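Reviewing the structure listed below.
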Amino acid sequence: MKMGLGAFLAVVLGLIVLASMSLYTVDQRERAVVFRLGEITDVIEQPGLHVKWPLIQNVRFFDRRILTLDTPDAERFITSEKKNVLVDSFLMWRINDVRQYYVSVRGDETLAQTRLQQRVNAALREEF
């Protein structure tokens with residue numbers, strides 16, 4: 001009798017663990033990318049409760065809101081008249097295509113900010 005109860009509790013506990021590994025929620029402020037063995041299989045745009053295969057699929061979440069990139073100190077540029085100009089800039093950006101974002105920067109926000117900062121600096125140098 002005790003063996004039957006122990007086995008029943010073990011099965012129930014196993015089902016609870018399996019269910020917790022299978023369910024995930026997507027917040028309304030984020031998007032989710034579902035990977036199957038490291039390959040992108042789906043992009044979840046809608047918030048709510050979703051199901052995945054445990055141990056085969058994993059999920060990464062990306063922010064849907066507007067992100068900002070602010071330089072801590074002003075940049076020095078030289079104009080065409082050979083004068084120094086201090087420029088304090090900031091950038092507001094958003095991830096539109098999550099799949100392309102992940103392919104481009106492997107989902108690393110600091111790498112994305114570095115690339116954006118390089119493009120902004122190049123454009124500002126070109127303008128001045």
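Residue names in the structure tokens use chain letters A, B, ... in the order shown, residue numbers from 1 in each chain, and ligand numbers from 1 in the order shown.
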When you look at A:Gly48 with a cut-off of 12 Å (counting only C-alpha atoms), what residues show up, excluding the ones that are within fewer than 2 positions of it in the same chain? I need them as a ChimeraX atom specification.
/A:23-32,44-46,50-51
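Distance-wise, atom CA of A:Arg60 and atom CA of A:Val11 end up 29.4 Å apart.
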For the atom pair atom CA of A:Asp73 and atom CA of A:Asp88, what is the interatomic distance in Å to one decimal place?
6.8 Å
Write out as a PyMOL selection string all residues of chain A that DSSP puts in strand (DSSP E or B) for this structure's backbone.
chain A and resi 23-26+30-36+39-44+48-51+57-63+67-70+75-78+84-87+90-93
The selected residues should be written to file as a CSV table (one decimal), in the first residue's frame (atoms: N, CA and C atoms).
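For reference, part-v9.csv as written:
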chain,number,residue,atom,x,y,z
A,23,LEU,N,5.4,25.0,-20.1
A,23,LEU,CA,4.6,26.2,-20.3
A,23,LEU,C,5.5,27.4,-20.1
A,24,TYR,N,5.2,28.5,-20.8
A,24,TYR,CA,5.9,29.8,-20.6
A,24,TYR,C,4.9,30.9,-21.0
A,25,THR,N,5.1,32.1,-20.4
A,25,THR,CA,4.2,33.2,-20.7
A,25,THR,C,5.0,34.3,-21.4
A,26,VAL,N,4.4,34.9,-22.4
A,26,VAL,CA,5.0,36.1,-23.1
A,26,VAL,C,4.2,37.3,-22.6
A,30,GLU,N,7.0,42.2,-24.5
A,30,GLU,CA,8.1,41.5,-25.1
A,30,GLU,C,7.6,40.6,-26.2
A,31,ARG,N,8.6,40.1,-27.0
A,31,ARG,CA,8.4,39.1,-28.0
A,31,ARG,C,9.2,37.9,-27.6
A,32,ALA,N,8.9,36.7,-28.1
A,32,ALA,CA,9.6,35.5,-27.8
A,32,ALA,C,10.1,34.8,-29.1
A,33,VAL,N,11.3,34.3,-29.0
A,33,VAL,CA,11.8,33.5,-30.1
A,33,VAL,C,11.9,32.0,-29.6
A,34,VAL,N,11.3,31.1,-30.3
A,34,VAL,CA,11.4,29.7,-29.9
A,34,VAL,C,12.4,29.0,-30.8
A,35,PHE,N,13.3,28.3,-30.1
A,35,PHE,CA,14.4,27.6,-30.7
A,35,PHE,C,14.2,26.1,-30.6
A,36,ARG,N,14.5,25.3,-31.6
A,36,ARG,CA,14.4,23.9,-31.5
A,36,ARG,C,15.9,23.4,-31.8
A,39,GLU,N,18.0,26.2,-33.5
A,39,GLU,CA,17.5,26.8,-34.7
A,39,GLU,C,16.2,27.5,-34.4
A,40,ILE,N,16.1,28.7,-35.0
A,40,ILE,CA,14.8,29.4,-34.8
A,40,ILE,C,13.7,28.7,-35.5
A,41,THR,N,12.6,28.4,-34.8
A,41,THR,CA,11.5,27.8,-35.4
A,41,THR,C,10.3,28.7,-35.4
A,42,ASP,N,10.1,29.6,-34.4
A,42,ASP,CA,8.9,30.4,-34.4
A,42,ASP,C,9.2,31.7,-33.6
A,43,VAL,N,8.5,32.8,-34.0
A,43,VAL,CA,8.6,34.0,-33.3
A,43,VAL,C,7.2,34.3,-32.8
A,44,ILE,N,7.1,34.5,-31.5
A,44,ILE,CA,5.8,34.7,-30.8
A,44,ILE,C,5.6,36.2,-30.6
A,48,GLY,N,0.6,36.0,-23.8
A,48,GLY,CA,-0.2,34.9,-23.3
A,48,GLY,C,0.6,33.7,-22.9
A,49,LEU,N,-0.1,32.6,-22.6
A,49,LEU,CA,0.5,31.4,-22.2
A,49,LEU,C,0.7,30.5,-23.4
A,50,HIS,N,1.9,30.0,-23.5
A,50,HIS,CA,2.3,29.2,-24.7
A,50,HIS,C,2.9,27.9,-24.2
A,51,VAL,N,2.9,26.9,-25.1
A,51,VAL,CA,3.5,25.6,-24.8
A,51,VAL,C,4.7,25.3,-25.7
A,57,GLN,N,13.0,22.3,-27.0
A,57,GLN,CA,12.8,23.7,-27.4
A,57,GLN,C,13.2,24.6,-26.2
A,58,ASN,N,13.8,25.8,-26.5
A,58,ASN,CA,14.0,26.8,-25.5
A,58,ASN,C,13.5,28.1,-26.0
A,59,VAL,N,13.3,29.1,-25.2
A,59,VAL,CA,12.7,30.3,-25.5
A,59,VAL,C,13.5,31.5,-25.0
A,60,ARG,N,13.7,32.5,-25.9
A,60,ARG,CA,14.4,33.8,-25.4
A,60,ARG,C,13.4,34.9,-25.7
A,61,PHE,N,13.4,35.9,-24.8
A,61,PHE,CA,12.5,37.0,-24.8
A,61,PHE,C,13.3,38.3,-25.2
A,62,PHE,N,12.6,39.1,-26.0
A,62,PHE,CA,13.2,40.4,-26.5
A,62,PHE,C,12.2,41.5,-26.2
A,63,ASP,N,12.7,42.6,-25.9
A,63,ASP,CA,11.9,43.8,-25.5
A,63,ASP,C,11.2,44.3,-26.7
A,67,LEU,N,13.8,51.3,-26.9
A,67,LEU,CA,15.1,51.3,-26.1
A,67,LEU,C,15.9,52.5,-26.4
A,68,THR,N,16.7,53.0,-25.5
A,68,THR,CA,17.4,54.2,-25.6
A,68,THR,C,18.9,53.9,-25.5
A,69,LEU,N,19.7,54.7,-26.2
A,69,LEU,CA,21.2,54.6,-26.2
A,69,LEU,C,21.6,56.0,-26.0
A,70,ASP,N,22.2,56.3,-24.8
A,70,ASP,CA,22.7,57.6,-24.5
A,70,ASP,C,24.2,57.6,-24.2
A,75,GLU,N,30.7,63.9,-27.6
A,75,GLU,CA,31.7,63.6,-28.5
A,75,GLU,C,32.3,64.8,-29.2
A,76,ARG,N,33.6,64.8,-29.5
A,76,ARG,CA,34.2,66.0,-30.1
A,76,ARG,C,34.4,65.7,-31.6
A,77,PHE,N,33.8,66.6,-32.4
A,77,PHE,CA,33.9,66.5,-33.9
A,77,PHE,C,34.6,67.8,-34.4
A,78,ILE,N,35.3,67.7,-35.5
A,78,ILE,CA,35.9,68.8,-36.2
A,78,ILE,C,35.1,69.1,-37.4
A,84,ASN,N,36.3,72.9,-33.4
A,84,ASN,CA,35.8,71.8,-32.6
A,84,ASN,C,34.4,72.0,-32.1
A,85,VAL,N,33.6,70.9,-32.2
A,85,VAL,CA,32.2,71.0,-31.8
A,85,VAL,C,32.0,69.8,-30.8
A,86,LEU,N,31.4,70.1,-29.7
A,86,LEU,CA,31.0,69.0,-28.8
A,86,LEU,C,29.5,68.7,-29.1
A,87,VAL,N,29.3,67.4,-29.3
A,87,VAL,CA,27.9,66.9,-29.6
A,87,VAL,C,27.5,65.9,-28.6
A,90,PHE,N,21.7,61.1,-28.3
A,90,PHE,CA,21.1,60.0,-27.8
A,90,PHE,C,20.3,59.3,-29.0
A,91,LEU,N,20.0,58.1,-28.8
A,91,LEU,CA,19.3,57.3,-29.9
A,91,LEU,C,18.2,56.5,-29.2
A,92,MET,N,17.0,56.6,-29.9
A,92,MET,CA,15.9,55.7,-29.5
A,92,MET,C,15.7,54.7,-30.6
A,93,TRP,N,15.6,53.5,-30.2
A,93,TRP,CA,15.5,52.4,-31.2
A,93,TRP,C,14.6,51.3,-30.7
Using the chain letters and numbers from this document, which residues of chain A does DSSP assign to helix (DSSP H, G or I), as an NGL selection string?
:A and (2-22 or 98-105 or 109-127)
Selection export as a PDB file, in the first residue's frame, atoms kept: C-alpha atoms:
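Final output, result-v2.pdb:
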ATOM      1  CA  LYS A   2       2.801   2.432   0.851  1.00  0.00           C
ATOM      2  CA  MET A   3       4.615   1.520  -2.380  1.00  0.00           C
ATOM      3  CA  GLY A   4       1.553   2.376  -4.444  1.00  0.00           C
ATOM      4  CA  LEU A   5       1.170   5.768  -2.756  1.00  0.00           C
ATOM      5  CA  GLY A   6       4.881   6.564  -3.214  1.00  0.00           C
ATOM      6  CA  ALA A   7       4.747   5.664  -6.906  1.00  0.00           C
ATOM      7  CA  PHE A   8       1.608   7.750  -7.349  1.00  0.00           C
ATOM      8  CA  LEU A   9       3.240  10.776  -5.695  1.00  0.00           C
ATOM      9  CA  ALA A  10       6.354  10.346  -7.843  1.00  0.00           C
ATOM     10  CA  VAL A  11       4.248  10.274 -11.024  1.00  0.00           C
ATOM     11  CA  VAL A  12       2.277  13.360  -9.945  1.00  0.00           C
ATOM     12  CA  LEU A  13       5.482  15.200  -9.079  1.00  0.00           C
ATOM     13  CA  GLY A  14       6.970  14.201 -12.447  1.00  0.00           C
ATOM     14  CA  LEU A  15       3.898  15.511 -14.273  1.00  0.00           C
ATOM     15  CA  ILE A  16       4.067  18.808 -12.383  1.00  0.00           C
ATOM     16  CA  VAL A  17       7.744  19.239 -13.267  1.00  0.00           C
ATOM     17  CA  LEU A  18       7.030  18.361 -16.913  1.00  0.00           C
ATOM     18  CA  ALA A  19       4.158  20.865 -17.065  1.00  0.00           C
ATOM     19  CA  SER A  20       6.298  23.614 -15.526  1.00  0.00           C
ATOM     20  CA  MET A  21       9.011  22.969 -18.118  1.00  0.00           C
ATOM     21  CA  SER A  22       6.469  22.957 -20.968  1.00  0.00           C
ATOM     22  CA  VAL A  98      13.125  39.803 -34.008  1.00  0.00           C
ATOM     23  CA  ARG A  99      14.316  37.021 -36.294  1.00  0.00           C
ATOM     24  CA  GLN A 100      16.648  39.350 -38.223  1.00  0.00           C
ATOM     25  CA  TYR A 101      17.801  40.969 -34.973  1.00  0.00           C
ATOM     26  CA  TYR A 102      18.789  37.590 -33.566  1.00  0.00           C
ATOM     27  CA  VAL A 103      20.564  36.555 -36.760  1.00  0.00           C
ATOM     28  CA  SER A 104      22.472  39.863 -36.912  1.00  0.00           C
ATOM     29  CA  VAL A 105      23.644  40.232 -33.311  1.00  0.00           C
ATOM     30  CA  GLU A 109      21.785  43.960 -26.823  1.00  0.00           C
ATOM     31  CA  THR A 110      25.232  45.368 -26.007  1.00  0.00           C
ATOM     32  CA  LEU A 111      26.527  44.291 -29.421  1.00  0.00           C
ATOM     33  CA  ALA A 112      23.501  45.921 -31.069  1.00  0.00           C
ATOM     34  CA  GLN A 113      24.127  49.137 -29.124  1.00  0.00           C
ATOM     35  CA  THR A 114      27.791  49.112 -30.139  1.00  0.00           C
ATOM     36  CA  ARG A 115      26.884  48.749 -33.813  1.00  0.00           C
ATOM     37  CA  LEU A 116      24.274  51.499 -33.566  1.00  0.00           C
ATOM     38  CA  GLN A 117      26.739  53.795 -31.800  1.00  0.00           C
ATOM     39  CA  GLN A 118      29.313  53.228 -34.552  1.00  0.00           C
ATOM     40  CA  ARG A 119      26.766  54.085 -37.241  1.00  0.00           C
ATOM     41  CA  VAL A 120      25.621  57.215 -35.421  1.00  0.00           C
ATOM     42  CA  ASN A 121      29.217  58.385 -34.930  1.00  0.00           C
ATOM     43  CA  ALA A 122      30.007  57.765 -38.602  1.00  0.00           C
ATOM     44  CA  ALA A 123      26.911  59.683 -39.700  1.00  0.00           C
ATOM     45  CA  LEU A 124      27.704  62.574 -37.371  1.00  0.00           C
ATOM     46  CA  ARG A 125      31.323  62.741 -38.581  1.00  0.00           C
ATOM     47  CA  GLU A 126      30.083  62.744 -42.166  1.00  0.00           C
ATOM     48  CA  GLU A 127      27.611  65.539 -41.408  1.00  0.00           C
TER      49      GLU A 127
END
Please, what distance in Å, to one decimal, runs between atom CA of A:Pro54 and atom CA of A:Ile95?
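Calculated distance between atom CA of A:Pro54 and atom CA of A:Ile95 is 27.3 Å.
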